[in-house]
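Everything below concerns the one structure shown next.
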Amino acid sequence: MKHWLKPSFLLAIALLCTAELIMHIFFQEDFSGRFEYGYNPTSGFDEGSDGIVHLVPAGGRHFLRQSFTKTHSPATFRIMVIGDSVTRGPSLKNAYPWLIGEQLRENGIQAECFNLGVPGYGAHRKFIVLQKALDYMPDLIILQVNDSNEHDDDREFKRSQDFKSWNPKNWMMKSLLLRRIYEAETEHLFWKWLPTIIRDQKSVNDADAKVAASLSPEKRIEWSERVRKYTMQSIALSLSKNVPILLIVQAEYQKGNPKLDDHNLEDLIGHTKRKGVYLLSMKRLFEPLAFDKLFSSGHHLYPAGHKIIADAVVKMLRRDCLAKLKTTTH
Amino acid sequence: MSFVSYQYLLFLGIVFLLYWCLPFKGRIILLIAGSYLFYGSWDARFVALLLTSTTVDYFCGLAIAQERKNLRKVFFTACLPAAWLIGYTAIIQDGSAVAAWVIGASCLFPFLFGLLYHSLWRLHEVRQRRAFLVLSILTNLGVLAFFKYFKFFADNLVALFSLFGVNPGWTLPHIILPIAISFYTFQSICYSVDIYRNKVDPMKEFLPFAAYLSFFPQLVSGPIERPNHLLPQFQKAASWDVRNLHSGIALILIGLFKKVFVADNCALLANYAFALDTKLNAYWAILGVMAFAFQVYGDFSGYTDIARGSARLLGIQLSANFRFPYFASNPSDFWKRWHITLSTWFRDYVYIPLGGNHGTSLLTLRNLYITMLLAGLWHGASWTFVLWGAYHGTLLVLFHIMPSWQRVADTNNKHVWQQVPSIVFMWILTLIGWSFFRSNNLGQLWNWFAALGNWNASSSIYWVGPSLWWLLHVVPLLLFQLAQWKQSDESSVKEFHWIFRGLMYAVLFIMVTTSMVTDQEFIYFQF
């Protein structure tokens, strides 16, 4: 037996075990839900003991880094915006959630608006984010509604289930040490040092599968139904907590097409309009304008596009006078 | 079943456990079954091709050594490929999986081979030995020519005709290149030639020979083993030595590090730089080729290390294929360090038969050049590979006719720092060669050279972050190699202190398990 155990192998195993133990003792909470691909309700919301909540890119949620207090005074009007990469925008300060907060404050309203957009999030994952966001006493929820990420939601859900399975390919990543280093490599080196075009090579098969699925009429019907279902659930949940909700229905721009396409989502969820539910259609907002200058790609907007949405939301808030908004003015 | 997969680790673990529980004969049968399963996991149809080569070379090898086998035994052994194909078709219940003409040809093969075998024994002894050698070589080269080069030559012939305005109107068949074909055919050829040269005795029994030719760790991408090195290891039972277990695991870990950490991460940059629609500038042309240099090296030497480590777990020693190739100081030195088993194969079975250096200087240079041209073509049926071979042939010729270069590049009695200029110069020459090797076609190759004149940084995507990415994945390998500078085996760690080794294993393990960026296939599988 003595010959079997070489000191160098033993040392390597001991080092790895010690590091793993340290991770379990000190850092377990830091990256919970990493391989739940956004299906973990709490990941990305880092709650400090000082009552400050930090939005961090973790657990399959690439939140933009922001901080807020867990509770807030009644004088502050808190808005939480939930969506995908369109909501996330080109940068924190050039995306419409930030601009909404800024404009409200310029108008003398004590407001704060947080961007909870995560690239690739579809209706299901947005609903899970909403569940957690409602814990932080928002006065208004803004939900970006679109069906362009349903394939991603589906795929990532399967991956989250697969990760829980017995398949040995996942065994290594169940180690907190390896998981943390993998996460650091991916998020701090892979995402930051390499241009998008190179990173995309990694997910080229995912991209192909998504294009193929989007060409299937059955899939599109399935996705629309899913968006409708989760949007209804989001509205119900939000209203059950007395939080009004504003739905921004996304529109898609296709080069050369004189009209924008919202995949009939406005018709699909339009009938949900009732007290506490507001609707803003990007299609109707942008079509009178030179919208080809506003889109950087099919769905994504230049800062000018975000500014227009922010203006429209602020106008709507002032016009429809959410009761709280009025009271907090001065 | 890739080496970089959990299936392979599981497969290797099972083979390892069974292997050491079985008696010698059982081990041989296990190795054959395991190797054919391993090979068949890519495309089970081509197992028939491997069986064909095995049959021909086994009987030809014996015949070259004047050992005649019963014609009935020859016939029934030659039935194995057909039996495999028919059995495969029946099991998967898909009649179209194997073309009818392929099954027909495999059924004809026992008759044809039996007839040839019987006829050649009627020749006079000297002619007879040569005839069996030619039969073995032609079978192997024929298989290689058909599967690997037929389309290339046919396409070029069509292009040549079209230059003269003639359209032959051929519909060329779609031929799938069987994996590993270039490797096992070369190993078969050297077996027959070495018997002919009386350097080695033929295998008397079929099963150990089949195990030798199909040995799974080195079947797909080498090392191309010589019969006098590998055959004896299949003729007597290896005894258990725990040191083989330790060094085998270490080799596999180092190989995985080279493949997963170095090669696959460098591949991200190289694949972008050499994509057909990429707009290159000088920064990206240089970064792309430097990334490819470490991709191809990490990929192939990583494969070799995993192969050697896997074999060592079974008590079998395979040859080293690399020895710090990017520390070569001249073209001749490079080929003593890069893909050593292939370069020595070409030396012994092409260069020397062509005359080697036993003629005038001009003839020696001609032989060198032809050898390198063929080595280039061996890598792939494409003009870029031929050019790569020609480029290295030219470098070797220039090195041989320029005594001043030989003097400058002579590393004897020089301090390591005095060797640096020669090493850097050779590294640049090697990089230029890799641009030939990696380009998808001649047009892209031209674009790569043209990009070297464009230093406008904004004409392509930013390159600083990707350069850091490259450094991050290359520097650990270079540090590892510098620590072993004086060793003959670049992947041996036994001379390190055990504390350093332990640290290194832990770090390598973390690097490997956390760097599965992409599921990249090994480059040399395509050859």
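By convention here, the chains of the structure tokens are called A, B, ... in the order presented, each chain's residues are numbered starting at 1, and ligands are numbered starting at 1 in the order presented.
Residue neighbourhood of Gln110 of chain A, excluding near-sequence residues (fewer than 3 positions): Ala75, Thr76, Phe77, Arg105 and Thr328 of chain A, at 7 Å, using only C-alpha atoms.
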Within 8 Å of chain A, which residues of chain B come that close, and what is the closest atom pair and distance in Å for each? Count only C-alpha atoms and give it as CSV.
```
residue,atom,partner,partner_atom,distance
B:Tyr6,CA,A:Lys169,CA,6.5
B:Val242,CA,A:Trp4,CA,6.4
B:His246,CA,A:Lys6,CA,7.9
B:Leu268,CA,A:Ile198,CA,6.4
B:Leu269,CA,A:Ile198,CA,7.0
B:Tyr272,CA,A:Ile198,CA,6.3
B:Ile461,CA,A:Pro195,CA,7.4
B:Tyr462,CA,A:Pro195,CA,7.5
B:Gly465,CA,A:Trp193,CA,4.3
B:Pro466,CA,A:Leu194,CA,5.4
B:Leu468,CA,A:Trp193,CA,7.4
B:Trp469,CA,A:Trp193,CA,6.6
B:Trp498,CA,A:Ser8,CA,4.9
B:Ile499,CA,A:Ser8,CA,6.0
B:Phe500,CA,A:Ser8,CA,7.8
B:Arg501,CA,A:Ser8,CA,5.6
B:Gly502,CA,A:Ser8,CA,4.0
B:Leu503,CA,A:Ala12,CA,5.9
B:Met504,CA,A:Ala12,CA,7.7
B:Tyr505,CA,A:Ala12,CA,5.8
B:Ala506,CA,A:Ala12,CA,4.7
B:Ile510,CA,A:Leu178,CA,6.5
B:Thr513,CA,A:Met172,CA,6.8
B:Thr514,CA,A:Tyr182,CA,4.8
B:Ser515,CA,A:Tyr182,CA,7.0
B:Val517,CA,A:Lys202,CA,7.1
B:Thr518,CA,A:Lys202,CA,6.0
```
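Taking atom CA of Phe183 of chain B and atom CA of Gln295 of chain B as endpoints, the distance between them is 20.6 Å.
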Practice item. Tell me which protein, DNA and RNA residues are within 12 Å of Ile252 of chain B, counting only C-alpha atoms, leaving out same-chain ones fewer than 3 positions away, and put them as a PyMOL selection string. Key: chain B and resi 3-4+8-9+12+217+244-249+255-260+301-313+491-492+505+508-509+512
Practice item. Would you please extract all alpha helix (DSSP H) residues from segment 12-242 of chain B, as assigned by DSSP on the backbone, and give them as JSON, numbers by chain? Key: {"B": [12, 13, 14, 15, 16, 17, 18, 19, 20, 21, 24, 25, 26, 27, 28, 29, 30, 31, 32, 33, 34, 35, 36, 37, 38, 39, 40, 47, 48, 49, 50, 51, 52, 53, 54, 55, 56, 57, 58, 59, 60, 61, 62, 63, 64, 71, 72, 73, 74, 75, 76, 77, 78, 80, 81, 82, 83, 84, 85, 86, 87, 88, 89, 90, 91, 92, 100, 101, 102, 103, 104, 105, 106, 107, 108, 109, 110, 111, 112, 113, 114, 115, 116, 117, 118, 119, 120, 125, 126, 127, 128, 129, 130, 131, 132, 133, 134, 135, 136, 137, 138, 139, 140, 141, 142, 143, 144, 150, 151, 152, 153, 154, 155, 156, 157, 158, 159, 160, 161, 162, 163, 181, 182, 183, 184, 185, 186, 187, 188, 189, 190, 191, 192, 193, 194, 195, 196, 206, 207, 208, 209, 210, 211, 212, 213, 214, 216, 217, 218, 219, 227, 228, 229, 230, 242]}
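Taking atom CA of Thr272 of chain A as the reference point, atom CA of Arg226 of chain A is found at 15.3 Å.
You will find atom CA of Gln254 of chain A at 10.6 Å from atom CA of Phe291 of chain A.
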Point to revise | Exercise: Ser53 of chain B partners within 7 Å, only C-alpha atoms, chain neighbours under 4 positions left out, as a ChimeraX atom specification | key: /B:49,57,140
I need the residues from that last selection saved to file as a tab-separated table (two decimals), in the first residue's frame (with C-alpha atoms), if you can.
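The new file out.tsv reads:
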```
chain	number	residue	atom	x	y	z
B	49	LEU	CA	-10.98	-1.53	-43.23
B	57	ASP	CA	-0.23	-7.47	-43.40
B	140	ASN	CA	-2.04	0.07	-47.51
```
Exercise for review: Would you kindly return, as JSON, numbers by chain, each protein, DNA or RNA residue with an atom no farther than 9 Å from any atom of segment 25-39 of chain B, considering only C-alpha atoms and excluding same-chain residues fewer than 2 positions away?
Suggested key: {"B": [1, 8, 11, 15, 18, 19, 20, 21, 22, 23, 41, 42, 43, 44, 46, 47, 50, 179, 180, 207, 208, 210, 211, 212, 214, 215, 216, 217, 219, 220, 234, 237]}
Exercise for review: From a DSSP calculation on the backbone, collect every residue of segment 82-154 of chain A in strand (DSSP E) and output the set as a PyMOL selection string.
Suggested key: chain A and resi 82-83+111-117+140-145
Practice item. Using only C-alpha atoms, determine which residues lie at most 12 Å from Pro81 of chain B, disregarding the query and same-chain residues fewer than 5 positions distant; provide the list as a PyMOL selection string. Key: chain B and resi 44-56+75-76+86-88+102-110
Written file, previous selection with N, CA and C atoms, as a JSON list (two decimals), in the first residue's frame:
```
[["chain", "number", "residue", "atom", "x", "y", "z"],
["B", 44, "ALA", "N", -18.43, 2.58, -37.01],
["B", 44, "ALA", "CA", -18.19, 1.14, -36.91],
["B", 44, "ALA", "C", -17.91, 0.49, -38.26],
["B", 45, "ARG", "N", -18.35, 1.14, -39.34],
["B", 45, "ARG", "CA", -18.14, 0.53, -40.67],
["B", 45, "ARG", "C", -16.66, 0.38, -41.00],
["B", 46, "PHE", "N", -15.88, 1.35, -40.53],
["B", 46, "PHE", "CA", -14.47, 1.34, -40.92],
["B", 46, "PHE", "C", -13.62, 0.33, -40.15],
["B", 47, "VAL", "N", -14.25, -0.34, -39.21],
["B", 47, "VAL", "CA", -13.55, -1.44, -38.54],
["B", 47, "VAL", "C", -13.18, -2.49, -39.60],
["B", 48, "ALA", "N", -14.04, -2.62, -40.62],
["B", 48, "ALA", "CA", -13.77, -3.59, -41.70],
["B", 48, "ALA", "C", -12.46, -3.25, -42.42],
["B", 49, "LEU", "N", -12.20, -1.96, -42.55],
["B", 49, "LEU", "CA", -10.98, -1.53, -43.23],
["B", 49, "LEU", "C", -9.75, -1.90, -42.40],
["B", 50, "LEU", "N", -9.88, -1.69, -41.12],
["B", 50, "LEU", "CA", -8.79, -2.05, -40.20],
["B", 50, "LEU", "C", -8.55, -3.56, -40.23],
["B", 51, "LEU", "N", -9.63, -4.31, -40.29],
["B", 51, "LEU", "CA", -9.51, -5.77, -40.37],
["B", 51, "LEU", "C", -8.83, -6.19, -41.68],
["B", 52, "THR", "N", -9.15, -5.48, -42.77],
["B", 52, "THR", "CA", -8.54, -5.79, -44.06],
["B", 52, "THR", "C", -7.03, -5.59, -44.00],
["B", 53, "SER", "N", -6.64, -4.42, -43.48],
["B", 53, "SER", "CA", -5.20, -4.13, -43.36],
["B", 53, "SER", "C", -4.52, -5.18, -42.48],
["B", 54, "THR", "N", -5.17, -5.52, -41.39],
["B", 54, "THR", "CA", -4.59, -6.49, -40.45],
["B", 54, "THR", "C", -4.39, -7.83, -41.14],
["B", 55, "THR", "N", -5.40, -8.29, -41.86],
["B", 55, "THR", "CA", -5.33, -9.58, -42.54],
["B", 55, "THR", "C", -4.19, -9.62, -43.57],
["B", 56, "VAL", "N", -4.19, -8.59, -44.42],
["B", 56, "VAL", "CA", -3.19, -8.55, -45.49],
["B", 56, "VAL", "C", -1.79, -8.51, -44.90],
["B", 75, "PHE", "N", -8.19, -17.78, -46.24],
["B", 75, "PHE", "CA", -9.52, -17.46, -46.77],
["B", 75, "PHE", "C", -10.46, -17.05, -45.64],
["B", 76, "PHE", "N", -10.49, -17.86, -44.61],
["B", 76, "PHE", "CA", -11.45, -17.57, -43.53],
["B", 76, "PHE", "C", -11.09, -16.29, -42.77],
["B", 86, "ILE", "N", -21.52, -7.27, -42.79],
["B", 86, "ILE", "CA", -22.84, -7.90, -42.86],
["B", 86, "ILE", "C", -23.48, -7.92, -41.46],
["B", 87, "GLY", "N", -22.67, -8.28, -40.48],
["B", 87, "GLY", "CA", -23.17, -8.31, -39.10],
["B", 87, "GLY", "C", -23.62, -6.92, -38.65],
["B", 88, "TYR", "N", -22.82, -5.92, -38.99],
["B", 88, "TYR", "CA", -23.14, -4.54, -38.61],
["B", 88, "TYR", "C", -24.46, -4.11, -39.26],
["B", 102, "VAL", "N", -19.75, -1.86, -51.47],
["B", 102, "VAL", "CA", -18.72, -2.08, -50.43],
["B", 102, "VAL", "C", -18.87, -3.50, -49.87],
["B", 103, "ILE", "N", -20.12, -3.91, -49.63],
["B", 103, "ILE", "CA", -20.33, -5.27, -49.13],
["B", 103, "ILE", "C", -19.90, -6.28, -50.20],
["B", 104, "GLY", "N", -20.22, -5.94, -51.45],
["B", 104, "GLY", "CA", -19.81, -6.83, -52.56],
["B", 104, "GLY", "C", -18.29, -6.97, -52.61],
["B", 105, "ALA", "N", -17.61, -5.83, -52.51],
["B", 105, "ALA", "CA", -16.14, -5.85, -52.57],
["B", 105, "ALA", "C", -15.56, -6.64, -51.39],
["B", 106, "SER", "N", -16.18, -6.46, -50.21],
["B", 106, "SER", "CA", -15.65, -7.18, -49.04],
["B", 106, "SER", "C", -15.87, -8.69, -49.18],
["B", 107, "CYS", "N", -16.96, -9.06, -49.88],
["B", 107, "CYS", "CA", -17.21, -10.49, -50.10],
["B", 107, "CYS", "C", -16.23, -11.07, -51.15],
["B", 108, "LEU", "N", -15.84, -10.22, -52.07],
["B", 108, "LEU", "CA", -14.88, -10.67, -53.09],
["B", 108, "LEU", "C", -13.47, -10.78, -52.54],
["B", 109, "PHE", "N", -13.20, -9.96, -51.52],
["B", 109, "PHE", "CA", -11.84, -9.85, -50.99],
["B", 109, "PHE", "C", -11.21, -11.20, -50.60],
["B", 110, "PRO", "N", -11.92, -12.10, -49.89],
["B", 110, "PRO", "CA", -11.29, -13.38, -49.52],
["B", 110, "PRO", "C", -10.85, -14.19, -50.74]]
```
Would you mind listing what lies within 8 Å of segment 324-327 of chain B as an mmCIF file with N, CA, C and O atoms, in the first residue's frame, with only C-alpha atoms counted and same-chain residues fewer than 3 positions away left out?
```cif
data_model
loop_
_atom_site.group_PDB
_atom_site.id
_atom_site.type_symbol
_atom_site.label_atom_id
_atom_site.label_comp_id
_atom_site.auth_asym_id
_atom_site.auth_seq_id
_atom_site.Cartn_x
_atom_site.Cartn_y
_atom_site.Cartn_z
ATOM 1 N N PHE B 334 14.338 21.193 -35.674
ATOM 2 C CA PHE B 334 12.881 21.192 -35.493
ATOM 3 C C PHE B 334 12.302 19.812 -35.782
ATOM 4 O O PHE B 334 11.473 19.302 -35.029
ATOM 5 N N TRP B 335 12.761 19.200 -36.873
ATOM 6 C CA TRP B 335 12.197 17.904 -37.249
ATOM 7 C C TRP B 335 12.728 16.755 -36.391
ATOM 8 O O TRP B 335 12.237 15.635 -36.500
ATOM 9 N N ARG B 337 12.477 17.252 -33.243
ATOM 10 C CA ARG B 337 11.688 17.513 -32.040
ATOM 11 C C ARG B 337 10.186 17.455 -32.290
ATOM 12 O O ARG B 337 9.419 17.332 -31.368
ATOM 13 N N TRP B 338 9.764 17.642 -33.543
ATOM 14 C CA TRP B 338 8.338 17.719 -33.868
ATOM 15 C C TRP B 338 7.885 16.407 -34.503
ATOM 16 O O TRP B 338 8.475 15.948 -35.459
ATOM 17 N N ILE B 423 16.816 30.386 -31.737
ATOM 18 C CA ILE B 423 15.504 29.808 -31.395
ATOM 19 C C ILE B 423 14.381 30.742 -31.855
ATOM 20 O O ILE B 423 13.391 30.304 -32.441
ATOM 21 N N TRP B 427 11.591 30.015 -34.596
ATOM 22 C CA TRP B 427 10.184 30.128 -34.164
ATOM 23 C C TRP B 427 9.401 30.953 -35.191
ATOM 24 O O TRP B 427 8.290 30.597 -35.585
ATOM 25 N N GLN B 481 7.873 23.928 -19.395
ATOM 26 C CA GLN B 481 8.907 23.388 -20.277
ATOM 27 C C GLN B 481 10.296 23.925 -19.923
ATOM 28 O O GLN B 481 11.277 23.200 -20.022
ATOM 29 N N GLU B 490 9.875 15.563 -22.735
ATOM 30 C CA GLU B 490 9.287 16.843 -22.329
ATOM 31 C C GLU B 490 8.135 16.691 -21.345
ATOM 32 O O GLU B 490 7.707 17.670 -20.751
#
```
